[in-house]
Each structure stands twice: as structure tokens, then as C-alpha cells.
Amino acid sequence: MKHTAGKILLGLIVLGVLVYAGIMVFICIREKDVNADKPAADTYDAIIVLGAQVLPTGEPSVQLQWRLDAAMKAWQEKNVPVVVCGAKGADEPETEASVMKAYLEKNGIPAESILTDDASFSTQQNLRNALALLDGTDAGKVLIVTSDYHLPRSLAIAEDLGLDAVGTGSPCKPEYWLKNHAREVLAWCKYWAVKYLKIPLE
């Protein structure tokens with residue numbers, strides 16, 4: 001009996017590892033596909049920048065700075081409204097959105113072109129709030145700017161919300177590649193659980 005239970009447990013562990021690895025491969029393939037081509041300026045009327053960690057000093061983390069730099073390049077190609085998203089985490093001195101806004105202003109984007117969502121804690125909330133902020137503008141198409149590993153899921157959520165979206169991904173630091181992708185596997189599982197199983201995990 002114990003031998004049978006042990007075999008079942010081992011089988012479940014092996015199955016879990018295979019599923020986890022399969023989702024990781026899926027993410028890497030999707031990531032490569034959505035980051036293959038740089039969106040042209042005529043494919044977006046607004047830019048949505050998704051938040052990331054703010055350092056204890058109040059400065060954007062490297063990951064967040066790279067997202068903002070990518071947004072800057074897109075805005076320089078086409079001067080459109082920019083939505084910055086992100087609330088204040090427990091270990092952050094200011095909201096991500098306020099730090100992002102200050103960074104973009106410092107680098108040349110006028111304050112009147114920046115819309116701020118400082119109340120969102122997840123990708124779903126980021127995009128819902130950004131959509132609400134853009135309501136009433138002429139923004140029919142949006143460019144989502146986030147890290148490369150995060151872009152596929154962001155575009156999937158945008159599609160669920162009815163957003164006509166393209167995306168551009170900024171790189172992540174090589175030493176954090178495994179950590180970021182491992183977390184993204186869990187995030188995709190949560191996304192599918194909410195979408196298809198209607199489990200209230202948000």
C-alpha cells in the first residue's frame with residue numbers, strides 16, 4: 001500500500017515538473033514571437049507603461065528604468081498620451097506611477113501628456129485602469145510597454161479587455177532571467193485559473 005502511494009506521489013511530482021517545464025517553454029516561445037518586430041508608430045495612439053519595483057531611494061529599479069526608456073523611444077517616434085501604472089508596494093517609498101511620471105518628465109515628456117494610475121497592484125488592474133483613463137480620448141490603439149518576459153501575458157489580458165494593443169518589451173537583467181520566468185509561469189497559471197475556471201484570485 002505504501003509502495004503504491006509512493007509511486008503515485010512520485011508520478012504526480014514528475015507530472016508537475018513536466019507541466020511546469022512545458023509552460024516555461026510556452027512562455028519563451030510567446031516571448032520570442034511578440035518581441036520579434038518593433039511596432040511602427042502608426043500602430044498606436046497611446047502608450048501604457050506597466051509598473052515595476054521602485055528602490056528604497058525613490059528611484060526606479062533597473063527593470064523599471066528600462067521599461068521607461070523603451071516608452072521614451074516610442075513617445076519620441078509619436079507624441080501620444082502616456083499612461084503610467086502602479087501603486088505603492090509595502091517596501092516602496094512612493095507609488096510606482098509617481099516615480100515613473102517624474103522620470104518621464106525629467107527626460108522630456110510634458111506633464112500634460114502623462115496620465116497616472118497609482119491604484120493598481122496587478123497587470124489586470126494596470127490595464128483596466130489605463131483603459132478607464134484613456135476613455136474619451138482618441139486612443140483607439142495602444143502600445144503596451146513592459147519587460148520582455150511579461151509582454152505575452154500583458155497582451156493576452158489586453159485582448160480579454162477588448163484593447164486593440166501591440167507591445168514592446170524591454171530586456172530583463174540576465175541574472176534574473178530564471179527568477180522572472182519562474183514567477184511568470186505561476187502568473188500564467190493564475191491567469192488561466194481566473195479566465196477559464198472563474199476562480200476569484202485577483
# chains A, B, ... in the order shown; residues from 1 in each chain; ligands from 1
>>> select_by_dssp(residues="chain A", states="strand (DSSP E or B)", output="NGL selection string")
:A and (46-49 or 54 or 60 or 82-85 or 114-117 or 141-147 or 164-170)
>>> write_last_selection(atoms="N, CA and C atoms", output="PDB file, in the first residue's frame")
ATOM      1  N   ALA A  46      -1.669  55.634 -28.127  1.00  0.00           N
ATOM      2  CA  ALA A  46      -1.348  55.895 -26.726  1.00  0.00           C
ATOM      3  C   ALA A  46      -0.353  54.842 -26.270  1.00  0.00           C
ATOM      4  N   ILE A  47       0.361  55.144 -25.206  1.00  0.00           N
ATOM      5  CA  ILE A  47       1.365  54.229 -24.645  1.00  0.00           C
ATOM      6  C   ILE A  47       0.997  53.929 -23.203  1.00  0.00           C
ATOM      7  N   ILE A  48       0.991  52.653 -22.849  1.00  0.00           N
ATOM      8  CA  ILE A  48       0.743  52.231 -21.474  1.00  0.00           C
ATOM      9  C   ILE A  48       2.016  51.576 -20.952  1.00  0.00           C
ATOM     10  N   VAL A  49       2.571  52.140 -19.881  1.00  0.00           N
ATOM     11  CA  VAL A  49       3.791  51.592 -19.282  1.00  0.00           C
ATOM     12  C   VAL A  49       3.420  50.907 -17.977  1.00  0.00           C
ATOM     13  N   VAL A  54      10.131  50.050  -7.329  1.00  0.00           N
ATOM     14  CA  VAL A  54      10.810  51.307  -7.015  1.00  0.00           C
ATOM     15  C   VAL A  54      11.778  51.039  -5.868  1.00  0.00           C
ATOM     16  N   PRO A  60      13.654  54.574  -9.830  1.00  0.00           N
ATOM     17  CA  PRO A  60      13.191  53.344 -10.474  1.00  0.00           C
ATOM     18  C   PRO A  60      14.266  52.262 -10.445  1.00  0.00           C
ATOM     19  N   VAL A  82       0.672  59.120 -22.587  1.00  0.00           N
ATOM     20  CA  VAL A  82       1.381  58.022 -21.929  1.00  0.00           C
ATOM     21  C   VAL A  82       0.719  57.758 -20.581  1.00  0.00           C
ATOM     22  N   VAL A  83       0.312  56.520 -20.353  1.00  0.00           N
ATOM     23  CA  VAL A  83      -0.275  56.133 -19.069  1.00  0.00           C
ATOM     24  C   VAL A  83       0.772  55.358 -18.284  1.00  0.00           C
ATOM     25  N   VAL A  84       1.055  55.810 -17.061  1.00  0.00           N
ATOM     26  CA  VAL A  84       1.984  55.082 -16.189  1.00  0.00           C
ATOM     27  C   VAL A  84       1.173  54.431 -15.073  1.00  0.00           C
ATOM     28  N   CYS A  85       1.494  53.163 -14.785  1.00  0.00           N
ATOM     29  CA  CYS A  85       0.659  52.382 -13.873  1.00  0.00           C
ATOM     30  C   CYS A  85       1.463  51.788 -12.727  1.00  0.00           C
ATOM     31  N   ILE A 114       1.054  62.943 -19.681  1.00  0.00           N
ATOM     32  CA  ILE A 114       1.189  61.750 -18.834  1.00  0.00           C
ATOM     33  C   ILE A 114      -0.052  61.572 -17.967  1.00  0.00           C
ATOM     34  N   LEU A 115      -0.672  60.421 -18.065  1.00  0.00           N
ATOM     35  CA  LEU A 115      -1.826  60.054 -17.233  1.00  0.00           C
ATOM     36  C   LEU A 115      -1.346  59.053 -16.186  1.00  0.00           C
ATOM     37  N   THR A 116      -1.840  59.215 -14.964  1.00  0.00           N
ATOM     38  CA  THR A 116      -1.291  58.439 -13.841  1.00  0.00           C
ATOM     39  C   THR A 116      -2.333  57.526 -13.206  1.00  0.00           C
ATOM     40  N   ASP A 117      -1.997  56.249 -13.146  1.00  0.00           N
ATOM     41  CA  ASP A 117      -2.784  55.272 -12.395  1.00  0.00           C
ATOM     42  C   ASP A 117      -1.924  54.807 -11.229  1.00  0.00           C
ATOM     43  N   LYS A 141      -5.887  52.609 -30.433  1.00  0.00           N
ATOM     44  CA  LYS A 141      -4.885  51.549 -30.373  1.00  0.00           C
ATOM     45  C   LYS A 141      -3.833  51.927 -29.339  1.00  0.00           C
ATOM     46  N   VAL A 142      -3.350  50.949 -28.591  1.00  0.00           N
ATOM     47  CA  VAL A 142      -2.372  51.247 -27.549  1.00  0.00           C
ATOM     48  C   VAL A 142      -1.108  50.419 -27.733  1.00  0.00           C
ATOM     49  N   LEU A 143      -0.009  50.985 -27.255  1.00  0.00           N
ATOM     50  CA  LEU A 143       1.270  50.274 -27.196  1.00  0.00           C
ATOM     51  C   LEU A 143       1.539  49.964 -25.727  1.00  0.00           C
ATOM     52  N   ILE A 144       1.643  48.692 -25.383  1.00  0.00           N
ATOM     53  CA  ILE A 144       1.953  48.281 -24.021  1.00  0.00           C
ATOM     54  C   ILE A 144       3.456  48.101 -23.904  1.00  0.00           C
ATOM     55  N   VAL A 145       4.040  48.779 -22.922  1.00  0.00           N
ATOM     56  CA  VAL A 145       5.477  48.672 -22.684  1.00  0.00           C
ATOM     57  C   VAL A 145       5.696  47.999 -21.334  1.00  0.00           C
ATOM     58  N   THR A 146       6.436  46.904 -21.357  1.00  0.00           N
ATOM     59  CA  THR A 146       6.766  46.185 -20.134  1.00  0.00           C
ATOM     60  C   THR A 146       8.018  45.364 -20.402  1.00  0.00           C
ATOM     61  N   SER A 147       8.407  44.515 -19.480  1.00  0.00           N
ATOM     62  CA  SER A 147       9.582  43.673 -19.699  1.00  0.00           C
ATOM     63  C   SER A 147       9.248  42.561 -20.679  1.00  0.00           C
ATOM     64  N   ASP A 164      -7.271  47.078 -28.393  1.00  0.00           N
ATOM     65  CA  ASP A 164      -6.518  46.873 -29.626  1.00  0.00           C
ATOM     66  C   ASP A 164      -5.075  47.245 -29.302  1.00  0.00           C
ATOM     67  N   ALA A 165      -4.242  46.240 -29.037  1.00  0.00           N
ATOM     68  CA  ALA A 165      -2.929  46.519 -28.467  1.00  0.00           C
ATOM     69  C   ALA A 165      -1.804  45.840 -29.228  1.00  0.00           C
ATOM     70  N   VAL A 166      -0.678  46.534 -29.269  1.00  0.00           N
ATOM     71  CA  VAL A 166       0.597  45.956 -29.675  1.00  0.00           C
ATOM     72  C   VAL A 166       1.531  46.154 -28.488  1.00  0.00           C
ATOM     73  N   GLY A 167       2.729  45.592 -28.560  1.00  0.00           N
ATOM     74  CA  GLY A 167       3.603  45.703 -27.410  1.00  0.00           C
ATOM     75  C   GLY A 167       5.063  45.788 -27.770  1.00  0.00           C
ATOM     76  N   THR A 168       5.824  46.323 -26.836  1.00  0.00           N
ATOM     77  CA  THR A 168       7.277  46.318 -26.956  1.00  0.00           C
ATOM     78  C   THR A 168       7.854  45.928 -25.606  1.00  0.00           C
ATOM     79  N   GLY A 169       8.816  45.038 -25.628  1.00  0.00           N
ATOM     80  CA  GLY A 169       9.380  44.535 -24.386  1.00  0.00           C
ATOM     81  C   GLY A 169      10.798  45.011 -24.153  1.00  0.00           C
ATOM     82  N   SER A 170      11.061  45.454 -22.941  1.00  0.00           N
ATOM     83  CA  SER A 170      12.421  45.825 -22.563  1.00  0.00           C
ATOM     84  C   SER A 170      13.107  44.592 -21.974  1.00  0.00           C
TER      85      SER A 170
END
>>> select_by_dssp(residues="segment 28-170 of chain A", states="alpha helix (DSSP H)", output="ChimeraX atom specification")
/A:28-34,62-77,96-106,123-134,151-160
>>> closest_residue(among="A:Leu163, A:Val99, A:Ala5, A:Val80", to="Arg128 of chain A", atoms="only C-alpha atoms")
A:Leu163
>>> closest_residue(among="A:Asp42, A:Glu92, A:Asp33, A:Asp138", to="Ser61 of chain A", atoms="only C-alpha atoms")
A:Glu92
>>> closest_atom_pairs(of="segment 59-139 of chain A", to="segment 152-156 of chain A", cutoff="10 Å", atoms="only C-alpha atoms", output="Markdown table")
| residue | atom | partner | partner_atom | distance |
| --- | --- | --- | --- | --- |
| A:Thr123 | CA | A:Ser154 | CA | 6.7 |
| A:Gln124 | CA | A:Ser154 | CA | 8.1 |
| A:Asn126 | CA | A:Ser154 | CA | 9.6 |
| A:Leu127 | CA | A:Ser154 | CA | 8.3 |
>>> atom_distance(atom1="atom CA of Ala70 of chain A", atom2="atom CA of Ile23 of chain A")
27.0 Å
>>> closest_residue(among="A:Phe121, A:Ile13, A:Pro110, A:Asp69", to="Gly86 of chain A", atoms="only C-alpha atoms")
A:Phe121
>>> atom_distance(atom1="atom CA of Leu186 of chain A", atom2="atom CA of Val34 of chain A")
19.8 Å
>>> residues_around(residues="Cys172 of chain A", least_positions_apart="2", cutoff="10 Å", atoms="only C-alpha atoms", output="ChimeraX atom specification")
/A:62-64,66-67,146-150,169-170,174-177,180
>>> closest_residue(among="A:Ala71, A:Ala158, A:Leu55, A:Leu151", to="Glu184 of chain A", atoms="only C-alpha atoms")
A:Leu151
>>> decode(residues="segment 113-126 of chain A", atoms="N, CA, C and O atoms", output="PDB file, in the first residue's frame")
ATOM      1  N   SER A 113       0.991  65.305 -20.966  1.00  0.00           N
ATOM      2  CA  SER A 113       0.888  64.112 -21.812  1.00  0.00           C
ATOM      3  C   SER A 113       0.886  62.821 -21.012  1.00  0.00           C
ATOM      4  O   SER A 113       0.744  61.738 -21.579  1.00  0.00           O
ATOM      5  N   ILE A 114       1.054  62.943 -19.681  1.00  0.00           N
ATOM      6  CA  ILE A 114       1.189  61.750 -18.834  1.00  0.00           C
ATOM      7  C   ILE A 114      -0.052  61.572 -17.967  1.00  0.00           C
ATOM      8  O   ILE A 114      -0.434  62.472 -17.218  1.00  0.00           O
ATOM      9  N   LEU A 115      -0.672  60.421 -18.065  1.00  0.00           N
ATOM     10  CA  LEU A 115      -1.826  60.054 -17.233  1.00  0.00           C
ATOM     11  C   LEU A 115      -1.346  59.053 -16.186  1.00  0.00           C
ATOM     12  O   LEU A 115      -0.563  58.155 -16.490  1.00  0.00           O
ATOM     13  N   THR A 116      -1.840  59.215 -14.964  1.00  0.00           N
ATOM     14  CA  THR A 116      -1.291  58.439 -13.841  1.00  0.00           C
ATOM     15  C   THR A 116      -2.333  57.526 -13.206  1.00  0.00           C
ATOM     16  O   THR A 116      -3.394  57.980 -12.779  1.00  0.00           O
ATOM     17  N   ASP A 117      -1.997  56.249 -13.146  1.00  0.00           N
ATOM     18  CA  ASP A 117      -2.784  55.272 -12.395  1.00  0.00           C
ATOM     19  C   ASP A 117      -1.924  54.807 -11.229  1.00  0.00           C
ATOM     20  O   ASP A 117      -0.999  54.025 -11.407  1.00  0.00           O
ATOM     21  N   ASP A 118      -2.227  55.303 -10.040  1.00  0.00           N
ATOM     22  CA  ASP A 118      -1.426  54.942  -8.869  1.00  0.00           C
ATOM     23  C   ASP A 118      -2.194  54.048  -7.899  1.00  0.00           C
ATOM     24  O   ASP A 118      -1.902  53.996  -6.708  1.00  0.00           O
ATOM     25  N   ALA A 119      -3.186  53.314  -8.439  1.00  0.00           N
ATOM     26  CA  ALA A 119      -4.025  52.497  -7.561  1.00  0.00           C
ATOM     27  C   ALA A 119      -4.017  51.017  -7.933  1.00  0.00           C
ATOM     28  O   ALA A 119      -4.736  50.235  -7.325  1.00  0.00           O
ATOM     29  N   SER A 120      -3.213  50.627  -8.896  1.00  0.00           N
ATOM     30  CA  SER A 120      -3.270  49.240  -9.382  1.00  0.00           C
ATOM     31  C   SER A 120      -2.118  48.402  -8.846  1.00  0.00           C
ATOM     32  O   SER A 120      -0.984  48.856  -8.769  1.00  0.00           O
ATOM     33  N   PHE A 121      -2.440  47.154  -8.485  1.00  0.00           N
ATOM     34  CA  PHE A 121      -1.455  46.241  -7.914  1.00  0.00           C
ATOM     35  C   PHE A 121      -1.183  45.020  -8.781  1.00  0.00           C
ATOM     36  O   PHE A 121      -0.366  44.184  -8.411  1.00  0.00           O
ATOM     37  N   SER A 122      -1.866  44.887  -9.911  1.00  0.00           N
ATOM     38  CA  SER A 122      -1.671  43.728 -10.778  1.00  0.00           C
ATOM     39  C   SER A 122      -1.752  44.167 -12.233  1.00  0.00           C
ATOM     40  O   SER A 122      -2.200  45.281 -12.540  1.00  0.00           O
ATOM     41  N   THR A 123      -1.342  43.272 -13.126  1.00  0.00           N
ATOM     42  CA  THR A 123      -1.396  43.587 -14.555  1.00  0.00           C
ATOM     43  C   THR A 123      -2.826  43.848 -14.999  1.00  0.00           C
ATOM     44  O   THR A 123      -3.091  44.775 -15.768  1.00  0.00           O
ATOM     45  N   GLN A 124      -3.761  43.023 -14.504  1.00  0.00           N
ATOM     46  CA  GLN A 124      -5.163  43.223 -14.852  1.00  0.00           C
ATOM     47  C   GLN A 124      -5.638  44.608 -14.434  1.00  0.00           C
ATOM     48  O   GLN A 124      -6.294  45.318 -15.210  1.00  0.00           O
ATOM     49  N   GLN A 125      -5.312  44.990 -13.201  1.00  0.00           N
ATOM     50  CA  GLN A 125      -5.719  46.309 -12.709  1.00  0.00           C
ATOM     51  C   GLN A 125      -5.014  47.418 -13.483  1.00  0.00           C
ATOM     52  O   GLN A 125      -5.625  48.443 -13.800  1.00  0.00           O
ATOM     53  N   ASN A 126      -3.726  47.234 -13.786  1.00  0.00           N
ATOM     54  CA  ASN A 126      -2.991  48.204 -14.598  1.00  0.00           C
ATOM     55  C   ASN A 126      -3.759  48.526 -15.871  1.00  0.00           C
ATOM     56  O   ASN A 126      -4.008  49.700 -16.200  1.00  0.00           O
TER      57      ASN A 126
END
